[in-house]
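Student: First the structure, which I've put down as structure tokens, then a few questions once you've had a look.
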Amino acid sequence: MEIIVNGDPLEVSEGITNIEELIQELRLEKKSLIVEHNQTILKKEKHKETAISEGDRLEIVHFVGGG
Amino acid sequence: MLVNNRYHRQMLFDPIGETGQKRLQESHVVIVGVGALGSSSAEMLARAGVGTLTLIDRDYVEETNLQRQQLFSEEDVRMQTPKVIAAKKRLQEINHLTNIHAEVIDAGVDELEVIVPQANLVIDATDNFDTRLIINDICQKHHKPWIYGACVASYGVTFTVLPEETPCLQCLMDHIPSDGATCDTVGIISPAVQMVVSHQVTEVLKILTENLDALSGKLIAFDLWKNQQMELKVASLKDETCPSCSKKQYPHLAYQAQLKTAVLCGRNTVQIRTSAEKIIHFDEMKKHLERNQHIKLFSNPYLLSFEIDKYRVVVFRDGRTLIHGTKNVQEAKKVYYQYVG
Ligand SMILES: [Zn+2]
């Protein structure tokens, strides 16, 4: 299925069903991050229960420390 | 008339005008960290006519800084000039009207408790989350806005924290990441720095000129190399149980008070801070070190640095010491006690 992540199309395998799995797939699970799913900001505890489907729009922002 | 005209183009910009310019002149901004982000912020604010800048940084200029830290020169590298001293010199050349306090110190709780209440706001230009969380608590405690900013590789992120209004950094971050992605491991390109600073300084200008309606209110991030821009409205993440902005317990002020050593991220360096009572006798220390023929010694008015075995040790006048060449706190302490005392 194809979703949009940070404005760019992304093809994800059918095995990825929720936000938590997507974050792992993108190898972002160790980062402190904030996810917006179809214009709704998700608290971290909602990542597992939030399903993703074709055409969903996600914005993912992670915190970095450099300066 | 240079003095009267230098802000003219900025005053033509309607939201600032003559009133805004006067407000800038009466303002005091603290910049914590004078590396890449801090150099750029400081230069923009000095040029813009902000009356007083306090620059805080614990480090001195190194060759790898020159690629992006715009206030420093090769001469500063040769002289191992502390960053805030080099920055102040350059900024005074740019605008002699700016009042600049240069603090060669580690921005700890004790230091910020004194400095932050005197200022209008704080710009975060640090390279670590420990200091950011102290800034976050101090600014809640003293009711000062602060502007988070950070970058690595071609990615940057920024957010303006307004006490009593927006979520704070503690609300937004579920944990402190330690995945080893720092400017020293995955690098940094200068445009990413400048992009973060553009957002930060614009927010600062809005606050200082009292154009609060214009503030972004968003968590802004970008990746210049991937051509991505993200803006998230995060107001809903203000946490009513947050120990920093809601419960006002300021957990990072208490914890930090005990911390005396810190491994500097990605730098193979341990910093050791001594108690405030300890006085370093610089000249005597120098004499002692000169007696050891295995030691290569260098000094300037602000610091003393020497090499021994695989270590390079830098002692600042306030007693703070950097042990380069190890990440091991115990090993660093041993070197410290061996040569600094
Ligand atoms: Zn908070």
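By order in the structure tokens, chains are A, B, ...; within a chain, residues start at 1; ligands start at 1, following the order shown.
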At a cut-off of 7 Å, which residues of chain B touch chain A? Count only C-alpha atoms and give the answer as a list in words.

Tutor: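 Per the criterion, chain B yields Gly35, Ala36, Leu37, Ala125, Thr126, Asp127, Asn128, Phe129, Ala150, Cys151, Val152, Val157, Met173, Asp174, His175, Ile176, Pro177, Asp179, Thr182, Cys183, Ala221, Gln228, Met230 and Val234 of chain B.
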
Student: Go ahead and write the selection's residues with N, CA, C and O atoms as a tab-separated table (two decimals), in the first residue's frame.

Tutor:
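Here's the written file part.tsv:
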```tsv
chain	number	residue	atom	x	y	z
B	35	GLY	N	28.13	27.61	19.37
B	35	GLY	CA	28.70	26.81	18.30
B	35	GLY	C	28.13	27.32	17.00
B	35	GLY	O	28.14	28.53	16.74
B	36	ALA	N	27.59	26.40	16.21
B	36	ALA	CA	27.04	26.79	14.92
B	36	ALA	C	25.77	27.62	15.08
B	36	ALA	O	25.65	28.74	14.57
B	37	LEU	N	24.78	27.08	15.82
B	37	LEU	CA	23.51	27.79	16.00
B	37	LEU	C	23.73	29.11	16.72
B	37	LEU	O	23.19	30.15	16.33
B	125	ALA	N	20.98	26.99	21.90
B	125	ALA	CA	21.92	26.67	20.83
B	125	ALA	C	22.93	25.65	21.35
B	125	ALA	O	24.08	25.63	20.96
B	126	THR	N	22.45	24.82	22.27
B	126	THR	CA	23.33	23.83	22.90
B	126	THR	C	23.43	22.59	22.02
B	126	THR	O	22.74	22.46	21.01
B	127	ASP	N	24.28	21.67	22.43
B	127	ASP	CA	24.46	20.44	21.67
B	127	ASP	C	24.04	19.22	22.46
B	127	ASP	O	24.44	18.11	22.15
B	128	ASN	N	23.24	19.42	23.51
B	128	ASN	CA	22.86	18.25	24.32
B	128	ASN	C	21.53	18.48	25.04
B	128	ASN	O	21.13	19.61	25.29
B	129	PHE	N	20.86	17.37	25.35
B	129	PHE	CA	19.54	17.47	25.99
B	129	PHE	C	19.62	17.75	27.49
B	129	PHE	O	18.66	18.28	28.06
B	150	ALA	N	17.69	22.68	17.07
B	150	ALA	CA	18.74	21.67	16.98
B	150	ALA	C	18.84	21.19	15.55
B	150	ALA	O	17.87	21.28	14.78
B	151	CYS	N	20.00	20.66	15.19
B	151	CYS	CA	20.18	20.15	13.85
B	151	CYS	C	21.26	19.08	13.82
B	151	CYS	O	22.14	19.06	14.68
B	152	VAL	N	21.14	18.21	12.85
B	152	VAL	CA	22.16	17.20	12.61
B	152	VAL	C	22.02	16.77	11.15
B	152	VAL	O	20.91	16.76	10.62
B	157	VAL	N	15.21	21.05	13.62
B	157	VAL	CA	13.93	21.11	14.30
B	157	VAL	C	13.93	22.26	15.29
B	157	VAL	O	14.95	22.58	15.89
B	173	MET	N	8.63	15.50	24.59
B	173	MET	CA	9.58	14.40	24.43
B	173	MET	C	9.25	13.26	25.39
B	173	MET	O	9.18	13.47	26.59
B	174	ASP	N	9.07	12.06	24.85
B	174	ASP	CA	8.75	10.95	25.75
B	174	ASP	C	10.00	10.35	26.38
B	174	ASP	O	9.94	9.70	27.40
B	175	HIS	N	11.13	10.55	25.77
B	175	HIS	CA	12.39	10.11	26.38
B	175	HIS	C	13.54	10.89	25.73
B	175	HIS	O	13.36	11.52	24.70
B	176	ILE	N	14.68	10.83	26.36
B	176	ILE	CA	15.87	11.49	25.79
B	176	ILE	C	16.56	10.49	24.88
B	176	ILE	O	17.05	9.46	25.33
B	177	PRO	N	16.60	10.78	23.59
B	177	PRO	CA	17.19	9.82	22.66
B	177	PRO	C	18.71	9.74	22.82
B	177	PRO	O	19.35	10.76	23.06
B	179	ASP	N	20.87	7.77	20.45
B	179	ASP	CA	21.16	6.85	19.35
B	179	ASP	C	22.48	7.19	18.68
B	179	ASP	O	22.81	6.65	17.63
B	182	THR	N	25.03	12.45	16.26
B	182	THR	CA	25.44	13.80	16.63
B	182	THR	C	26.22	14.40	15.47
B	182	THR	O	26.56	13.70	14.51
B	183	CYS	N	26.52	15.68	15.61
B	183	CYS	CA	27.31	16.36	14.57
B	183	CYS	C	28.68	15.70	14.41
B	183	CYS	O	29.31	15.82	13.38
B	221	ALA	N	10.03	21.23	11.55
B	221	ALA	CA	11.21	20.43	11.22
B	221	ALA	C	11.38	20.40	9.71
B	221	ALA	O	10.43	20.68	8.96
B	228	GLN	N	12.18	18.07	2.47
B	228	GLN	CA	10.97	17.88	3.28
B	228	GLN	C	10.81	19.01	4.30
B	228	GLN	O	11.79	19.50	4.85
B	230	MET	N	8.16	19.87	7.62
B	230	MET	CA	7.06	19.40	8.46
B	230	MET	C	6.68	20.50	9.47
B	230	MET	O	7.55	21.15	10.04
B	234	VAL	N	1.13	21.28	17.85
B	234	VAL	CA	1.29	20.36	18.98
B	234	VAL	C	0.63	20.85	20.27
B	234	VAL	O	0.84	20.28	21.33
```

Student: So which bits of stretch 3-74 of chain B end up strand (DSSP E or B) when you DSSP the backbone, as a list in words?

Tutor: His28, Val29, Val30, Ile31, Val32, Thr52, Leu53, Thr54, Leu55, Ile56 and Tyr60 of chain B

Student: Please extract the residues at most 7 Å from ligand 1, counting only C-alpha atoms and all ligand atoms, and provide them as number ranges by chain, using the chain letters and residue numbers of this document.

Tutor: B: 167-171, 238-239, 242-246

Student: I'd like the contact shell of B:Glu74 - 8 Å cut-off, only C-alpha atoms, skipping same-chain residues fewer than 4 positions apart - returned as number ranges by chain.

Tutor: B: 63, 66, 78

Student: Output N, CA, C and O atoms for every residue in the selection just made, as a PDB file, in the first residue's frame.

Tutor:
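Final output, saved to out_21.pdb:
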```pdb
ATOM      1  N   GLU B  63      39.497  23.442  14.890  1.00  0.00           N
ATOM      2  CA  GLU B  63      39.516  23.532  13.428  1.00  0.00           C
ATOM      3  C   GLU B  63      38.209  23.051  12.788  1.00  0.00           C
ATOM      4  O   GLU B  63      37.708  23.660  11.841  1.00  0.00           O
ATOM      5  N   LEU B  66      35.207  25.498  11.937  1.00  0.00           N
ATOM      6  CA  LEU B  66      35.242  26.602  10.969  1.00  0.00           C
ATOM      7  C   LEU B  66      34.288  26.419   9.796  1.00  0.00           C
ATOM      8  O   LEU B  66      33.854  27.379   9.179  1.00  0.00           O
ATOM      9  N   ARG B  78      44.207  28.635  16.208  1.00  0.00           N
ATOM     10  CA  ARG B  78      45.599  28.622  16.660  1.00  0.00           C
ATOM     11  C   ARG B  78      45.711  29.006  18.123  1.00  0.00           C
ATOM     12  O   ARG B  78      46.461  28.417  18.877  1.00  0.00           O
TER      13      ARG B  78
END
```

Student: From the set A:Leu26, A:Met1, A:His37, A:Asp56, which residue has the shortest atom-to-atom contact distance to A:Ser13, counting only C-alpha atoms?

Tutor: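 Ranked by minimum distance to A:Ser13, first place goes to A:Met1.
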
Student: Please provide the set of residues having any atom within 6 Å of stretch 194-209 of chain B, restricted to only C-alpha atoms, with same-chain residues fewer than 6 positions apart removed, written as a list in words.

Tutor: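 Residues near the query, excluding close chain neighbours: Gly20, Arg23, Ser41 and Gly156 of chain B.
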
Student: I need the residues from that last selection saved to file as an mmCIF file, in the first residue's frame (with N, CA, C and O atoms), if you can.

Tutor:
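Saved as result_17.cif:
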```
data_model
loop_
_atom_site.group_PDB
_atom_site.id
_atom_site.type_symbol
_atom_site.label_atom_id
_atom_site.label_comp_id
_atom_site.auth_asym_id
_atom_site.auth_seq_id
_atom_site.Cartn_x
_atom_site.Cartn_y
_atom_site.Cartn_z
ATOM 1 N N GLY B 20 9.241 48.911 17.326
ATOM 2 C CA GLY B 20 9.873 47.604 17.465
ATOM 3 C C GLY B 20 11.378 47.731 17.613
ATOM 4 O O GLY B 20 11.996 47.035 18.418
ATOM 5 N N ARG B 23 12.261 48.636 21.037
ATOM 6 C CA ARG B 23 12.124 47.479 21.929
ATOM 7 C C ARG B 23 13.325 46.544 21.815
ATOM 8 O O ARG B 23 13.792 45.995 22.812
ATOM 9 N N SER B 41 22.854 32.946 15.415
ATOM 10 C CA SER B 41 21.863 33.747 16.147
ATOM 11 C C SER B 41 22.460 35.041 16.647
ATOM 12 O O SER B 41 21.871 36.110 16.518
ATOM 13 N N GLY B 156 16.768 19.610 10.687
ATOM 14 C CA GLY B 156 16.704 20.560 11.787
ATOM 15 C C GLY B 156 15.311 20.593 12.378
ATOM 16 O O GLY B 156 14.333 20.213 11.722
#
```

Student: Env of B:Asp59: 9 Å cut, atoms = only C-alpha atoms, seq-sep filter 2 positions within chain, self excluded. Answer as JSON, numbers by chain.

Tutor: {"B": [33, 34, 35, 57, 61, 81, 82, 83, 84, 104, 105, 106, 322]}

Student: Which value, in Å to one decimal, gives the distance between atom CA of B:Glu165 and atom CA of B:Ile147?

Tutor: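 Atom CA of B:Ile147 lies 13.7 Å from atom CA of B:Glu165.
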
Student: Quick one: residues within 12 Å of B:His288, only C-alpha atoms, excluding same-chain residues fewer than 3 positions away - as number ranges by chain?

Tutor: B: 281-285, 291-293, 295, 297, 306, 338-341

Student: Residues as selected, C-alpha atoms, written as a PDB file, in the first residue's frame, can you do that?

Tutor:
```pdb
ATOM      1  CA  HIS B 281      46.258  28.453  40.730  1.00  0.00           C
ATOM      2  CA  PHE B 282      46.973  28.683  37.064  1.00  0.00           C
ATOM      3  CA  ASP B 283      50.576  29.849  37.080  1.00  0.00           C
ATOM      4  CA  GLU B 284      51.667  27.323  39.642  1.00  0.00           C
ATOM      5  CA  MET B 285      49.972  24.538  37.817  1.00  0.00           C
ATOM      6  CA  ARG B 291      58.733  20.098  34.814  1.00  0.00           C
ATOM      7  CA  ASN B 292      57.403  16.946  33.191  1.00  0.00           C
ATOM      8  CA  GLN B 293      59.230  16.553  29.898  1.00  0.00           C
ATOM      9  CA  ILE B 295      53.998  16.939  28.689  1.00  0.00           C
ATOM     10  CA  LEU B 297      51.978  22.440  27.235  1.00  0.00           C
ATOM     11  CA  PHE B 306      48.512  19.883  27.707  1.00  0.00           C
ATOM     12  CA  GLN B 338      47.129  13.000  38.423  1.00  0.00           C
ATOM     13  CA  TYR B 339      47.789  16.255  36.627  1.00  0.00           C
ATOM     14  CA  VAL B 340      45.336  18.897  37.802  1.00  0.00           C
ATOM     15  CA  GLY B 341      45.012  17.868  41.429  1.00  0.00           C
TER      16      GLY B 341
END
```

Student: Between atom CA of B:Leu303 and atom CA of B:Gln67, what is the spacing in Å?

Tutor: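 Going from atom CA of B:Gln67 over to atom CA of B:Leu303 covers 23.6 Å.
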
Student: Interatomic distance between atom CA of B:Thr131 and atom CA of B:Ala107?

Tutor: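 Here the two named atoms are 6.9 Å from each other.
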
Student: As a PyMOL selection string, please: every residue in stretch 80-214 of chain B that DSSP puts in alpha helix (DSSP H).

Tutor: chain B and resi 83-94+109-115+129-141+169-172+190-208

Student: I'd like the neighbourhood of B:Lys218 as a PyMOL selection string, where a residue qualifies if any of its atoms comes within 6 Å (using only C-alpha atoms), though same-chain residues fewer than 3 positions away should be ignored.

Tutor: chain B and resi 231-233

Student: Store the residues of this selection in a file with N, CA, C and O atoms, as an mmCIF file, in the first residue's frame.

Tutor:
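Wrote result04.cif, looks like this:
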```cif
data_model
loop_
_atom_site.group_PDB
_atom_site.id
_atom_site.type_symbol
_atom_site.label_atom_id
_atom_site.label_comp_id
_atom_site.auth_asym_id
_atom_site.auth_seq_id
_atom_site.Cartn_x
_atom_site.Cartn_y
_atom_site.Cartn_z
ATOM 1 N N GLU B 231 5.375 20.677 9.663
ATOM 2 C CA GLU B 231 4.908 21.634 10.670
ATOM 3 C C GLU B 231 3.768 20.979 11.428
ATOM 4 O O GLU B 231 2.746 20.635 10.833
ATOM 5 N N LEU B 232 3.957 20.789 12.713
ATOM 6 C CA LEU B 232 2.923 20.126 13.500
ATOM 7 C C LEU B 232 2.346 21.068 14.541
ATOM 8 O O LEU B 232 3.083 21.712 15.291
ATOM 9 N N LYS B 233 1.009 21.128 14.601
ATOM 10 C CA LYS B 233 0.350 21.893 15.657
ATOM 11 C C LYS B 233 0.288 21.002 16.892
ATOM 12 O O LYS B 233 -0.512 20.062 16.940
#
```

Student: My list of candidates is B:Gly266, B:Gly108, B:Gly51, B:Pro301. Which is closest to B:His324 when distances are computed with only C-alpha atoms?

Tutor: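 Looking at the shortest contact to B:His324, the residue is B:Gly266.
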
Student: Using only C-alpha atoms, can you tell me which of B:Lys333, B:His8, B:Arg317, B:His28 comes closest to B:Leu45?

Tutor: B:His28
